[in-house]
Every structure is written in structure tokens, then in C-alpha cells.
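One structure is given here, and the rest of the page talks about it.
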Number of protein chains: 2
Amino acid sequence: MNLSTENYLKSVSLDCVIFGFHDNQLKVLLLKMKFSHEWALPGGFLCLDESVENAAKRVLKERTGLGNIFLKQFMVFSNISRSKMNPAVQDLVISGANPDLEWFAQRFISIGFYALVDFTKAAATPDTFSESAEWKNLTEIENLILDHNLILQEALSNLRLQLNYQPIGFNLLPDKFTMPELRKLYETILDKTLDRRNFQQKNVNIWNFEQATRNKKGRCSQISVLL
Amino acid sequence: MNLSTENYLKSVSLDCVIFGFHDNQLKVLLLKMKFSHEWALPGGFLCLDESVENAAKRVLKERTGLGNIFLKQFMVFSNISRSKMNPAVQDLVISGANPDLEWFAQRFISIGFYALVDFTKAAATPDTFSESAEWKNLTEIENLILDHNLILQEALSNLRLQLNYQPIGFNLLPDKFTMPELRKLYETILDKTLDRRNFQQKNVNIWNFEQATRNKKGRCSQISVLL
DNA sequence: TCAAAAGTGTTTGGTTTACACCCATGA
DNA sequence: TCATGGGTGTAAACCAAACACTTTTGA
């Protein structure tokens with residue numbers, strides 16, 4: 001990734017809120033920046049011959065190793081003040097010590113995506129500008145760089161809406177999962193308890209489940225989704 | 001609007017699908033381009049110190065004279081091939097005869113908006129690059145420039161979805177309107193007939209109506225919306 | 001005065017919610 | 001064996017859809 005030359009489209013970036021689920025917690029993949037040691041959402045820029053969707057897939061592949069996953073463009077962030085940097089980083093930019101920072105100091109609008117990935121398969125990988133990549137519990141995320149807290153918040157509320165309309169929650173689980181696991185996932189994201197029986201009925205009707213294992217009485221306990 | 005200097009953010013544009021309603025027809029405001037005499041959606045670029053939402057409001061104000069209207073960002077269009085011009089226009093670009101065309105010949109991603117306006121109040125006004133601005137019946141729109149047919153199609157399907165969730169249809173009507181007018185509007189956009197009584201009941205419940213006139217038997221015929 | 005459209009309320013069917021009991025599993 | 005959590009069905013409430021008759025308006 002060489003920013004100093006003209007490899008990328010000007011003024012446009014994208015940020016990905018990558019959601020995962022583990023230990024009954026909704027998690028988000030974050031990067032710790034080299035320069036400022038602040039946390040940030042994984043993001044990237046558009047190659048000159050690349051669509052936003054492809055750029056997002058590329059970012060996702062690079063940060064998690066995963067392809068073919070649920071990804072949704074949900075909003076464009078373009079406030080004038082969104083690029084306001086932490087003053088310490090701003091000083092670094094002015095000093096001219098790091099040429100990459102000049103690129104970052106430009107004004108960008110950012111296209112927000114969110115992704116739902118299988119936590120157990122994702123290999124969190126930092127990019128050129130970050131020293132580490134970690135899954136953080138949603139509830140424990142504090143200050144992110146720029147307007148990334150806003151992006152996260154919007155992604156979450158968009159996800160919550162979608163979850164009511166479309167059966168997408170399973171994207172956060174392994175190929176095989178149990179109903180209680182799926183329900184726990186929904187309860188965690190929507191932050192409310194759901195009736196066990198109603199949830200089961202509704203989802204058995206809407207989705208195509210393959211019943212993977214059955215207990216002695218022929219009841220299905222572990223399921224996987226047929227797409 | 002001076003394109004040759006650096007007044008606008010690079011690589012980013014926006015396009016507005018401006019919907020109106022008249023004579024029981026859903027209409028879209030289109031511009032006829034000076035160079036190619038092709039039809040296009042009204043659009044624009046982002047000033048260096050302007051958010052996308054503001055730019056869209058500015059475009060809307062300039063093309064219709066209206067402010068404070070329903071406007072929604074619905075999708076980003078960034079396909080590599082989207083900027084492919086009509087060959088005749090492409091030749092004009094190469095000839096270098098018009099400096100503006102060089103700006104247009106760059107690659108842009110475009111942020112799609114749609115707006116719902118009161119047809120009777122909107123004054124269709126062409127921009128610097130168009131020779132006329134006209135309301136066209138949705139059903140009679142043929143080839144538009146670039147990917148504008150796609151943008152229109154996506155705007156429409158997004159509008160149809162929204163219409164089922166949120167009471168936004170009245171934005172296309174004058175301040176006062178009758179229930180049959182509102183229903184006709186919904187029937188036109190959704191392209192299906194709706195039951196008169198169910199429609200009435202549902203909407204009286206959801207919306208805050210001010211009953212403007214009443215007939216002899218005290219029945220309300222003309223209504224307006226309280227916001 | 002006649003025809004076309006607008007106004008209103010009720011019944012039905014389907015979907016969503018609430019809820020209780022039995023069985024399986026593991027400590 | 002006991003406690004915790006998983007599995008299932010049914011009744012009530014709510015919302016959506018279907019439907020007929022009377023009144024108004026304008027030709």
C-alpha cells in the first residue's frame with residue numbers, strides 16, 4: 001500500500017464495522033494505530049479501478065482472511081468536522097515527519113459498511129498503519145479516532161433494524177449452531193430477552209434449517225442453515 | 001460554478017432523483033444536457049467545505065427553488081464502468097474544445113439521493129450544463145446518461161420500501177389534500193390498488209391530520225398534515 | 001336525476017405475543 | 001437426584017384484509 005503516489009481515488013475512503021460474536025458478546029474488530037495508539041475501525045481507500053463494494057471486500061479479506069461474507073453499505077459520512085484529528089497527531093502532520101500522514105490529513109468522505117463474520121474463522125490482522133488488530137466487546141469500546149464512534153453507532157442501529165426484517169443473524173455464527181445460541185445472539189444485539197418458543201417457531205418457518213443432530217427423543221438440537 | 005479551478009472535492013458527485021406527483025402520475029425532474037442533448041438526473045459536486053447532505057440540499061434548492069423538503073441518501077454508485085460516456089461526448093472530451101468536459105470526464109463515485117417535492121411549488125430550473133429542466137412521467141423516461149437509469153430504478157425501489165414503513169407520501173402533495181388524492185398517490189407509486197376503507201383507517205391512525213373542510217353531514221373531505 | 005366517486009364500520013383470518021409443562025443434561 | 005436449560009403447543013390479543021351500503025357531487 002503506497003499512499004504517496006496516485007494509487008487511490010482522492011477524497012473517498014471507506015470504513016468497515018466488522019461484527020463478531022463470542023462468549024455471548026457482540027464484538028467489533030478494531031485496529032490500534034501506530035502513530036497515535038488510538039483505536040480505529042478498519043478502513044481503506046478505493047483503487048483507481050475499483051468499486052466501493054470491491055474495496056470493502058478487499059479490506060475485509062485483508063483484516064480477517066475471509067471472503068464471501070455478509071457486507072452492507074449503510075451510510076456515507078461527510079461532515080466537515082469528521083476529519084478533525086487528535087491534536088497530537090495534527091502536530092505530527094505539520095512536522096512533515098511522516099509522508100503517509102499527509103495523505104491522511106486530506107479531507108475524505110467515508111462510506112460506511114458493516115460486516116457479519118464468523119468469529120471463529122476470522123484471523124484479526126493489522127494493516128500497514130496499525131500495530132495490532134483486536135476484537136473488542138461492543139460494550140467496552142471507548143474513544144475511537146475521528147468520527148468512528150458515530151460510524152459504529154450508526155452501523156449498530158442499522159444492524160438492529162435489518163435484523164428484524166431479514167434473517168441475517170446466523171452470519172455471525174459458525175456453520176452449525178443451536179437455536180439457543182442463535183437466540184442468545186439476537187438477544188445480545190437487540191438488547192432484550194426474546195421468548196424461547198416464539199423465536200423457535202418463527203425462525204423454523206422463515207429459514208431453511210438442516211437439522212444436524214438429534215437427541216434421543218428425536219428432537220433437533222444442533223442446526224445449520226441451508227442457503 | 002467554476003469547475004476548472006479547485007472549488008470542488010475530487011472524485012465525488014451526487015445525483016438527486018426528485019420525485020413529484022401530478023395528474024395521477026409520478027414524475028421525475030430531468031435536465032437536458034447542453035453538450036449531448038441527453039437527459040440526466042440533476043446532480044452536483046461537493047464544495048470543499050460542505051457535507052453531502054448540504055450539497056444535496058443546495059442542488060435541490062437550485063433546481064426547484066425549494067428548501068426544507070424530504071431528502072434521503074439511499075445508495076452509493078461506484079461501478080468502474082459507470083462513467084462511460086456516450087461516444088459522441090467522449091469525442092468532444094478528446095477534442096479539448098470544452099474545458100468543463102475534462103472535469104466531467106474524470107472518474108466519480110456518486111452518492112444517490114431521492115427527494116419528494118410538492119410539484120405545484122417546484123420551479124424546474126436547468127443548471128449551467130443543461131439547456132432545460134422538465135418533469136417527466138416516470139413511465140415515459142427512456143435513456144439517461146451514464147448510469148442514471150440505474151440510479152432512478154434504485155431510488156424508486158427504495159422509495160417503495162420506505163413508503164410501507166413510514167408516512168412520507170404526503171411530501172409529494174400540496175399542504176392540503178384529500179384522502180382519495182393520497183391514496184391515488186400510493187396506488188401510483190406502489191403500482192397496485194389499495195382498499196379505500198383500510199387505507200383511510202390506517203392513515204387516520206398513524207398520521208396527525210387536521211381536517212380542513214367538512215361537508216354538510218360533517219364528514220371530512222379535505223385534510224392537511226400536522227407535523 | 002343519474003352515475004361515479006367518497007364516506008363509514010364490521011367481520012374474518014392471520015400473525016404475534018404470552019404463557020406452562022415435560023424432558024434432557026450435567027453437576 | 002436435583003437444578004438448569006431446552007423442547008414443544010395452545011389460547012388471547014392484535015393487526016391486516018375483505019367486504020356493502022349510503023351520501024355527495026357534478027354531469
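By convention here, the chains of the C-alpha cells are called A, B, ... in the order presented, each chain's residues are numbered starting at 1, and ligands are numbered starting at 1 in the order presented.
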- Task: Could you pull out the residues in stretch 85-205 of chain A that DSSP calls helix (DSSP H, G or I) from the backbone, as a count of residues only?
- Result: 62
Given only C-alpha atoms, how would the per-residue table for chain A near chain B read, listing every residue at most 9 Å away with its closest atom pair and distance in Å to one decimal, sorted by chain and number, as JSON lines?
```
{"residue": "A:Leu9", "atom": "CA", "partner": "B:Ser11", "partner_atom": "CA", "distance": 6.8}
{"residue": "A:Lys10", "atom": "CA", "partner": "B:Lys10", "partner_atom": "CA", "distance": 6.0}
{"residue": "A:Ser11", "atom": "CA", "partner": "B:Lys10", "partner_atom": "CA", "distance": 6.1}
{"residue": "A:Val12", "atom": "CA", "partner": "B:Ser11", "partner_atom": "CA", "distance": 7.4}
{"residue": "A:Leu48", "atom": "CA", "partner": "B:Arg107", "partner_atom": "CA", "distance": 8.4}
{"residue": "A:Asp49", "atom": "CA", "partner": "B:Ile80", "partner_atom": "CA", "distance": 6.0}
{"residue": "A:Glu50", "atom": "CA", "partner": "B:Ile80", "partner_atom": "CA", "distance": 6.1}
{"residue": "A:Ser51", "atom": "CA", "partner": "B:Asn79", "partner_atom": "CA", "distance": 4.9}
{"residue": "A:Val52", "atom": "CA", "partner": "B:Ser78", "partner_atom": "CA", "distance": 5.9}
{"residue": "A:Glu53", "atom": "CA", "partner": "B:Ser78", "partner_atom": "CA", "distance": 8.1}
{"residue": "A:Gln73", "atom": "CA", "partner": "B:Met75", "partner_atom": "CA", "distance": 7.8}
{"residue": "A:Phe74", "atom": "CA", "partner": "B:Met75", "partner_atom": "CA", "distance": 8.1}
{"residue": "A:Met75", "atom": "CA", "partner": "B:Gln73", "partner_atom": "CA", "distance": 7.8}
{"residue": "A:Val76", "atom": "CA", "partner": "B:Val76", "partner_atom": "CA", "distance": 8.0}
{"residue": "A:Phe77", "atom": "CA", "partner": "B:Val52", "partner_atom": "CA", "distance": 8.1}
{"residue": "A:Ser78", "atom": "CA", "partner": "B:Ser51", "partner_atom": "CA", "distance": 5.0}
{"residue": "A:Asn79", "atom": "CA", "partner": "B:Ser51", "partner_atom": "CA", "distance": 4.9}
{"residue": "A:Ile80", "atom": "CA", "partner": "B:Ser51", "partner_atom": "CA", "distance": 6.0}
{"residue": "A:Arg107", "atom": "CA", "partner": "B:Leu48", "partner_atom": "CA", "distance": 8.4}
{"residue": "A:Phe108", "atom": "CA", "partner": "B:Leu9", "partner_atom": "CA", "distance": 9.0}
{"residue": "A:Ile109", "atom": "CA", "partner": "B:Ser51", "partner_atom": "CA", "distance": 8.5}
{"residue": "A:Ile111", "atom": "CA", "partner": "B:Val76", "partner_atom": "CA", "distance": 8.1}
```
- Message: Quick check for you: according to DSSP on this backbone, which residues of stretch 50-197 of chain A are classed as strand (DSSP E or B)? Reply as a list in words.
- Response: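 DSSP on the backbone gives strand (DSSP E or B) at Phe70, Leu71, Lys72, Gln73, Phe74, Met75, Val76, Phe77, Ile109, Ser110, Ile111, Gly112, Phe113, Tyr114, Ala115, Leu116, Ser130, Glu131, Ser132, Ala133, Glu134, Trp135, Lys136, Asn137, Leu144, Lys176, Phe177 and Thr178 of chain A.
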- Message: Counting only C-alpha atoms (C1' of nucleotides), a student should be able to say which residues of chain D come within 12 Å of chain A; what is the right answer, written as an MDAnalysis selection string?
- Response: chainID D and resid 5:10
Just-selected residues, C-alpha atoms (C1' of nucleotides) written as a PDB file, in the first residue's frame:
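That gives us part.pdb:
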```
ATOM      1  C1'  DG D   5     -31.942 -25.039  30.485  1.00  0.00           C
ATOM      2  C1'  DG D   6     -34.118 -26.942  26.152  1.00  0.00           C
ATOM      3  C1'  DG D   7     -38.040 -28.653  23.691  1.00  0.00           C
ATOM      4  C1'  DT D   8     -42.982 -28.181  22.367  1.00  0.00           C
ATOM      5  C1'  DG D   9     -48.336 -26.383  21.691  1.00  0.00           C
ATOM      6  C1'  DT D  10     -52.285 -23.577  22.648  1.00  0.00           C
TER       7       DT D  10
END
```
- Could you check how far atom CA of B:Leu172 sits from atom CA of B:Phe21, in Å to one decimal?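 The value is 5.9 Å.
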Please report as a short mmCIF file (atom, residue, chain, number, x, y, z; two decimals) with C-alpha atoms (C1' of nucleotides), in the first residue's frame which residues of chain C come no farther than 10 Å from chain B, using only C-alpha atoms (C1' of nucleotides).
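Output contents, as saved in result.cif:
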```
data_model
loop_
_atom_site.label_atom_id
_atom_site.label_comp_id
_atom_site.auth_asym_id
_atom_site.auth_seq_id
_atom_site.Cartn_x
_atom_site.Cartn_y
_atom_site.Cartn_z
"C1'" DA C 5 -66.78 8.52 -6.51
"C1'" DA C 6 -66.34 9.30 -1.36
"C1'" DG C 7 -67.52 8.34 3.32
"C1'" DT C 8 -68.06 4.92 7.02
"C1'" DG C 9 -67.87 0.10 10.26
#
```
- Message: Neighbouring residues of B:Gln106 were defined as those with any atom within 8 Å, considering only C-alpha atoms (C1' of nucleotides); residues of the same chain fewer than 3 positions away were excluded. Please report them as a VMD selection string.
- Response: chain B and resid 11 83 102 to 103
If you count only C-alpha atoms (C1' of nucleotides), which residues fall within 10 Å of B:Ala123, apart from same-chain ones fewer than 6 positions away, as a compact mmCIF listing (two decimals) with C-alpha atoms, in the first residue's frame?
```txt
# COMPACT_ATOMS: atom_id res chain seq x y z
CA LYS B 61 -32.75 24.42 -3.90
CA GLU B 62 -31.15 25.42 -7.19
CA ARG B 63 -33.18 23.04 -9.32
CA THR B 64 -36.58 23.56 -7.69
CA GLY B 65 -36.35 26.69 -5.57
CA LEU B 66 -37.43 24.63 -2.58
CA ALA B 133 -35.29 21.20 -16.93
CA GLU B 134 -38.52 19.25 -17.22
```
- Message: Quick one: residues within 9 Å of B:Ser36, only C-alpha atoms (C1' of nucleotides), excluding same-chain residues fewer than 6 positions away - as a ChimeraX atom specification?
- Response: /B:86,88-89
Selection file, C-alpha atoms, as a PDB file, in the first residue's frame:
```
ATOM      1  CA  ASN B  86     -21.848   8.324 -24.966  1.00  0.00           C
ATOM      2  CA  ALA B  88     -20.061  11.382 -29.267  1.00  0.00           C
ATOM      3  CA  VAL B  89     -19.463  13.131 -25.945  1.00  0.00           C
TER       4      VAL B  89
END
```
- Item | Point-to-point distance in Å for atom CA of B:Lys136 and atom CA of B:Asn68 | 22.8 Å
- Query: Please, what distance in Å, to one decimal, runs between atom CA of A:Trp135 and atom CA of A:Pro42?
  - Reply: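 So the answer is 11.5 Å.
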- Task: Mind checking which residues fall within 10 Å of B:Phe119, counting only C-alpha atoms (C1' of nucleotides), ignoring those fewer than 6 positions away in the same chain, and posting them as an MDAnalysis selection string?
- Result: chainID B and resid 18:22 26:29 64 135 171:174
- Query: Taking into account only C-alpha atoms, which residue in the set A:Pro99, A:Asn149, A:Leu182, A:Gly67 is nearest to A:Lys121?
  - Reply: A:Gly67
- Determine, counting only C-alpha atoms (C1' of nucleotides), which protein, DNA and RNA residues have an atom within 12 Å of an atom of D:DA11; residues of the same chain fewer than 4 positions away are not included. Present the result as an MDAnalysis selection string. chainID C and resid 17:20
- Between A:Lys184, A:Gly169, A:Lys192, A:Leu71, which is the closest to A:Trp207 once you count only C-alpha atoms?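 Ranking A:Lys184, A:Gly169, A:Lys192, A:Leu71 by distance to A:Trp207, first place goes to A:Gly169.
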